[in-house]
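Have a look at coords-v8.txt; it's compact mmCIF, C-alpha atoms:
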# COMPACT_ATOMS: atom_id res chain seq x y z
CA MET B 1 18.48 3.65 -23.15
CA ALA B 2 16.88 4.34 -19.80
CA ILE B 3 17.49 4.17 -16.08
CA LEU B 4 14.93 1.94 -14.34
CA ALA B 5 13.95 2.62 -10.72
CA ALA B 6 11.90 -0.16 -9.10
CA ILE B 7 10.02 1.09 -6.04
CA GLY B 8 7.96 -0.40 -3.26
CA GLU B 9 5.54 1.07 -0.75
CA GLU B 10 8.30 2.18 1.62
CA GLU B 11 9.13 5.80 2.41
CA GLY B 12 12.69 5.02 1.25
CA SER B 13 11.40 4.68 -2.31
CA ARG B 14 11.59 8.47 -2.62
CA ARG B 15 15.35 8.20 -2.17
CA VAL B 16 15.50 5.47 -4.83
CA ILE B 17 13.68 7.79 -7.25
CA LYS B 18 16.00 10.72 -6.49
CA VAL B 19 19.18 8.65 -6.96
CA ALA B 20 17.82 7.18 -10.21
CA ALA B 21 16.89 10.66 -11.45
CA ASP B 22 20.44 11.87 -10.80
CA LEU B 23 21.78 8.89 -12.73
CA ALA B 24 19.36 9.52 -15.62
CA THR B 25 20.47 13.16 -15.74
CA ALA B 26 24.15 12.18 -15.74
CA TYR B 27 23.63 9.81 -18.67
CA ASP B 28 20.99 11.98 -20.39
CA ASP B 29 18.63 8.99 -20.27
CA THR B 30 14.92 8.73 -19.60
CA LEU B 31 13.98 7.65 -16.09
CA VAL B 32 11.45 4.83 -15.94
CA VAL B 33 9.89 4.22 -12.52
CA VAL B 34 8.01 0.96 -11.94
CA HIS B 35 5.94 -0.37 -9.07
CA VAL B 36 4.74 -3.98 -9.08
CA ILE B 37 1.72 -5.19 -7.15
CA PRO B 38 2.39 -8.83 -6.29
CA GLU B 39 -0.15 -11.11 -7.95
CA GLU B 40 -1.14 -12.82 -4.70
CA GLU B 41 -2.00 -9.44 -3.14
CA MET B 42 -3.93 -8.46 -6.25
CA ASP B 43 -6.02 -11.62 -6.11
CA GLU B 44 -6.98 -10.95 -2.49
CA HIS B 45 -7.71 -7.29 -3.24
CA ILE B 46 -9.92 -8.12 -6.24
CA ARG B 47 -11.74 -10.84 -4.28
CA ALA B 48 -12.58 -8.35 -1.53
CA MET B 49 -13.70 -5.69 -4.02
CA ARG B 50 -15.90 -8.11 -5.95
CA GLU B 51 -17.89 -8.71 -2.80
CA LEU B 52 -19.02 -5.09 -2.91
CA PRO B 53 -22.05 -4.18 -5.08
CA GLY B 54 -21.05 -2.59 -8.39
CA TYR B 55 -17.43 -3.76 -8.45
CA SER B 56 -17.72 -7.11 -10.20
CA ASP B 57 -15.58 -6.04 -13.19
CA THR B 58 -12.41 -5.22 -11.19
CA GLY B 59 -9.35 -6.85 -12.72
CA ILE B 60 -5.64 -6.68 -13.51
CA THR B 61 -5.94 -3.51 -15.59
CA ASP B 62 -7.39 -1.69 -12.59
CA GLU B 63 -4.53 -2.88 -10.37
CA SER B 64 -1.93 -1.86 -12.99
CA ASP B 65 -3.53 1.59 -13.04
CA ARG B 66 -3.38 1.74 -9.23
CA ALA B 67 0.30 0.83 -9.31
CA ALA B 68 0.95 3.52 -11.95
CA ASN B 69 -0.96 6.10 -9.90
CA PHE B 70 1.16 5.22 -6.87
CA VAL B 71 4.32 5.76 -8.95
CA ARG B 72 2.98 9.07 -10.23
CA ARG B 73 2.38 10.35 -6.68
CA MET B 74 5.80 9.19 -5.49
CA VAL B 75 7.51 10.89 -8.45
CA GLU B 76 5.57 14.12 -7.85
CA ASP B 77 6.60 14.06 -4.17
CA SER B 78 10.25 13.27 -4.96
CA LEU B 79 11.28 15.30 -8.00
CA ASN B 80 10.99 18.85 -9.27
CA GLN B 81 8.88 19.57 -12.36
CA ASP B 82 11.84 19.58 -14.78
CA GLN B 83 12.88 16.14 -13.57
CA GLN B 84 9.28 14.86 -13.67
CA ASP B 85 9.04 15.76 -17.36
CA ARG B 86 11.68 13.11 -18.15
CA VAL B 87 9.96 10.27 -16.27
CA THR B 88 7.99 7.38 -17.69
CA ILE B 89 5.55 5.73 -15.28
CA GLU B 90 5.00 1.95 -15.19
CA GLY B 91 2.50 0.02 -13.07
CA ARG B 92 2.62 -3.77 -13.19
CA VAL B 93 1.00 -6.80 -11.60
CA GLY B 94 2.75 -10.13 -11.12
CA LYS B 95 5.84 -11.57 -9.49
CA PRO B 96 7.92 -8.47 -8.70
CA GLU B 97 11.27 -9.96 -9.72
CA ASP B 98 9.93 -11.10 -13.08
CA GLN B 99 8.10 -7.86 -13.80
CA ILE B 100 11.13 -5.73 -12.90
CA ARG B 101 13.41 -7.81 -15.13
CA SER B 102 10.87 -7.70 -17.95
CA THR B 103 10.53 -3.92 -17.68
CA ALA B 104 14.33 -3.53 -17.65
CA GLU B 105 14.54 -5.50 -20.87
CA GLU B 106 11.66 -3.62 -22.53
CA VAL B 107 13.18 -0.20 -21.83
CA ASP B 108 16.77 -1.34 -22.44
CA ALA B 109 17.79 -0.18 -18.98
CA ARG B 110 21.39 0.96 -18.65
CA TYR B 111 21.09 0.61 -14.86
CA LEU B 112 18.51 -0.79 -12.49
CA VAL B 113 18.07 1.17 -9.24
CA ILE B 114 16.42 -0.59 -6.31
CA GLY B 115 16.05 -0.09 -2.58
CA GLY B 116 17.60 -2.28 0.06
CA ARG B 117 16.79 -2.07 3.75
CA ASN B 118 19.31 -2.25 6.55
CA GLN B 119 18.74 -5.73 7.94
CA SER B 120 19.82 -7.79 10.90
CA PRO B 121 22.33 -10.59 10.29
CA VAL B 122 19.43 -13.06 10.30
CA GLY B 123 17.56 -10.98 7.73
CA LYS B 124 20.62 -10.86 5.49
CA ALA B 125 20.90 -14.64 5.61
CA MET B 126 17.32 -15.19 4.46
CA PHE B 127 16.71 -15.77 0.78
CA GLY B 128 13.69 -14.75 -1.24
CA SER B 129 13.64 -10.96 -1.05
CA THR B 130 13.00 -9.07 -4.26
CA THR B 131 16.19 -7.05 -3.82
CA GLN B 132 18.33 -10.14 -3.35
CA SER B 133 16.76 -11.89 -6.33
CA ILE B 134 17.38 -8.89 -8.58
CA LEU B 135 20.98 -8.55 -7.38
CA LEU B 136 21.74 -12.22 -8.00
CA ASP B 137 19.93 -12.67 -11.31
CA SER B 138 20.09 -9.35 -13.16
CA ASP B 139 21.83 -9.24 -16.52
CA ARG B 140 22.53 -5.51 -16.15
CA PRO B 141 24.20 -3.31 -13.54
CA VAL B 142 22.19 -2.83 -10.34
CA LEU B 143 22.53 0.10 -7.97
CA THR B 144 21.14 -0.60 -4.51
CA VAL B 145 20.10 2.42 -2.47
CA ARG B 146 20.17 1.62 1.24
CA THR B 147 17.00 2.67 2.96
CA PRO B 148 16.21 2.51 6.68
CA ASP B 149 14.38 -0.58 7.91
CA SER B 150 10.92 0.55 8.95
CA SER B 151 10.41 -2.21 11.53

Could I get this structure in the form of structure tokens?
Amino acid sequence: MAILAAIGEEEGSRRVIKVAADLATAYDDTLVVVHVIPEEEMDEHIRAMRELPGYSDTGITDESDRAANFVRRMVEDSLNQDQQDRVTIEGRVGKPEDQIRSTAEEVDARYLVIGGRNQSPVGKAMFGSTTQSILLDSDRPVLTVRTPDSS
């Protein structure tokens, strides 16, 4: 089994990684950290890169690698070396909710750890956030780590 931490580009993701690492240590599980680049952002990014000379072969594999490299840097900034040795890095491209659920199933996640921003009452009433979707539709326990709203 594993503990899955799903992170975004927010500074609060470091806290998500630390909490998930503590949980993985407590259960003596591997920590899997995943970052998903939304497909619509990837399409725009690839389109812009393909306009540059010499970058016509940019594709999903490159974006998955970029997502994995982002995770690697966040893990290195968040955990000590002993903790880092127990981490598996995942970079994905697609609909974040689907990719996070898929990764949780693949690694047989005992818990899913995600970030959740402090929001205004209006923000809480809005549907469609990745965090809310995971909370409502996950088939496994979800731990939400509150992170400050950066706006």

Problem set entry | Radius query 10 Å about (13.3, 16.7, -12.6), atoms used: all atoms listed in the file, as a PyMOL selection string | chain B and resi 18+21-22+24-25+31+75-76+78-87

Seminar exercise, completed: In Å and to one decimal, atom CA of B:Pro96 is distant from atom CA of B:Arg73 by 19.7 Å

For this session: Scan for residues within 8 Å of the point (6.1, 2.7, -14.3) in the coordinates of the file, using all atoms listed in the file, and reply as a PyMOL selection string.
Result: chain B and resi 32-35+67-68+71+88-92

Exercise. What lies within 12 Å of B:Thr130 using only C-alpha atoms, ignoring chain neighbours under 6 positions off, as an MDAnalysis selection string?
Worked result: chainID B and resid 6:8 36 38 95:101 114:117 136:138 144

The selected residues should be written to file as a compact mmCIF listing (two decimals), keeping the file's coordinate frame (atoms: C-alpha atoms).
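selection.txt, written as the output of this step:
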# COMPACT_ATOMS: atom_id res chain seq x y z
CA ALA B 6 11.90 -0.16 -9.10
CA ILE B 7 10.02 1.09 -6.04
CA GLY B 8 7.96 -0.40 -3.26
CA VAL B 36 4.74 -3.98 -9.08
CA PRO B 38 2.39 -8.83 -6.29
CA LYS B 95 5.84 -11.57 -9.49
CA PRO B 96 7.92 -8.47 -8.70
CA GLU B 97 11.27 -9.96 -9.72
CA ASP B 98 9.93 -11.10 -13.08
CA GLN B 99 8.10 -7.86 -13.80
CA ILE B 100 11.13 -5.73 -12.90
CA ARG B 101 13.41 -7.81 -15.13
CA ILE B 114 16.42 -0.59 -6.31
CA GLY B 115 16.05 -0.09 -2.58
CA GLY B 116 17.60 -2.28 0.06
CA ARG B 117 16.79 -2.07 3.75
CA LEU B 136 21.74 -12.22 -8.00
CA ASP B 137 19.93 -12.67 -11.31
CA SER B 138 20.09 -9.35 -13.16
CA THR B 144 21.14 -0.60 -4.51

Seminar exercise, completed: Atom pair atom CA of B:Asp29 + atom CA of B:Asp62, distance 29.2 Å

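For the pair atom CA of B:Asp65 and atom CA of B:Gly12, the separation is 21.9 Å.
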
Taking all heavy atoms as the atom set, what does stretch 27-38 of chain B look like once completed, written as a short mmCIF file (atom, residue, chain, number, x, y, z; two decimals), in the frame of the given file?
data_model
loop_
_atom_site.label_atom_id
_atom_site.label_comp_id
_atom_site.auth_asym_id
_atom_site.auth_seq_id
_atom_site.Cartn_x
_atom_site.Cartn_y
_atom_site.Cartn_z
N TYR B 27 23.50 10.54 -17.41
CA TYR B 27 23.63 9.81 -18.67
C TYR B 27 22.73 10.37 -19.78
O TYR B 27 22.72 9.85 -20.89
CB TYR B 27 23.31 8.33 -18.47
CG TYR B 27 24.44 7.56 -17.86
CD1 TYR B 27 24.44 7.26 -16.50
CD2 TYR B 27 25.52 7.14 -18.63
CE1 TYR B 27 25.49 6.55 -15.94
CE2 TYR B 27 26.57 6.44 -18.08
CZ TYR B 27 26.55 6.14 -16.72
OH TYR B 27 27.59 5.45 -16.17
N ASP B 28 21.95 11.40 -19.46
CA ASP B 28 20.99 11.98 -20.39
C ASP B 28 20.03 10.91 -20.91
O ASP B 28 19.73 10.82 -22.09
CB ASP B 28 21.71 12.68 -21.55
CG ASP B 28 20.77 13.61 -22.32
OD1 ASP B 28 19.82 14.15 -21.71
OD2 ASP B 28 20.98 13.79 -23.54
N ASP B 29 19.57 10.06 -19.97
CA ASP B 29 18.63 8.99 -20.27
C ASP B 29 17.26 9.34 -19.70
O ASP B 29 17.13 10.16 -18.79
CB ASP B 29 19.07 7.67 -19.62
CG ASP B 29 20.20 6.99 -20.36
OD1 ASP B 29 20.46 7.34 -21.52
OD2 ASP B 29 20.84 6.10 -19.75
N THR B 30 16.25 8.65 -20.18
CA THR B 30 14.92 8.73 -19.60
C THR B 30 14.92 7.93 -18.30
O THR B 30 15.59 6.91 -18.20
CB THR B 30 13.89 8.13 -20.57
OG1 THR B 30 13.90 8.89 -21.77
CG2 THR B 30 12.49 8.12 -19.98
N LEU B 31 14.17 8.40 -17.33
CA LEU B 31 13.98 7.65 -16.09
C LEU B 31 12.64 6.93 -16.17
O LEU B 31 11.62 7.56 -16.43
CB LEU B 31 14.00 8.59 -14.88
CG LEU B 31 13.61 7.97 -13.53
CD1 LEU B 31 14.54 6.82 -13.16
CD2 LEU B 31 13.61 9.03 -12.45
N VAL B 32 12.67 5.63 -15.98
CA VAL B 32 11.45 4.83 -15.94
C VAL B 32 11.31 4.36 -14.49
O VAL B 32 12.24 3.77 -13.93
CB VAL B 32 11.51 3.63 -16.90
CG1 VAL B 32 10.26 2.78 -16.79
CG2 VAL B 32 11.74 4.09 -18.33
N VAL B 33 10.14 4.64 -13.89
CA VAL B 33 9.89 4.22 -12.52
C VAL B 33 8.76 3.20 -12.54
O VAL B 33 7.69 3.47 -13.09
CB VAL B 33 9.53 5.40 -11.60
CG1 VAL B 33 9.35 4.93 -10.16
CG2 VAL B 33 10.60 6.49 -11.67
N VAL B 34 8.99 2.04 -11.94
CA VAL B 34 8.01 0.96 -11.94
C VAL B 34 7.69 0.53 -10.51
O VAL B 34 8.55 0.53 -9.64
CB VAL B 34 8.50 -0.26 -12.76
CG1 VAL B 34 9.74 -0.89 -12.15
CG2 VAL B 34 7.41 -1.30 -12.94
N HIS B 35 6.41 0.22 -10.32
CA HIS B 35 5.94 -0.37 -9.07
C HIS B 35 5.15 -1.61 -9.46
O HIS B 35 4.30 -1.55 -10.36
CB HIS B 35 5.07 0.60 -8.28
CG HIS B 35 4.46 -0.01 -7.06
ND1 HIS B 35 5.21 -0.46 -5.99
CD2 HIS B 35 3.17 -0.27 -6.74
CE1 HIS B 35 4.40 -0.94 -5.07
NE2 HIS B 35 3.16 -0.85 -5.49
N VAL B 36 5.41 -2.72 -8.78
CA VAL B 36 4.74 -3.98 -9.08
C VAL B 36 3.87 -4.38 -7.90
O VAL B 36 4.36 -4.47 -6.77
CB VAL B 36 5.75 -5.11 -9.39
CG1 VAL B 36 5.01 -6.40 -9.72
CG2 VAL B 36 6.69 -4.71 -10.52
N ILE B 37 2.60 -4.62 -8.16
CA ILE B 37 1.72 -5.19 -7.15
C ILE B 37 1.82 -6.70 -7.27
O ILE B 37 1.53 -7.26 -8.34
CB ILE B 37 0.26 -4.73 -7.34
CG1 ILE B 37 0.16 -3.21 -7.13
CG2 ILE B 37 -0.67 -5.48 -6.39
CD1 ILE B 37 -1.21 -2.65 -7.40
N PRO B 38 2.28 -7.38 -6.22
CA PRO B 38 2.39 -8.83 -6.29
C PRO B 38 1.05 -9.47 -6.61
O PRO B 38 0.02 -9.07 -6.08
CB PRO B 38 2.88 -9.23 -4.90
CG PRO B 38 3.54 -8.01 -4.37
CD PRO B 38 2.74 -6.86 -4.93
#
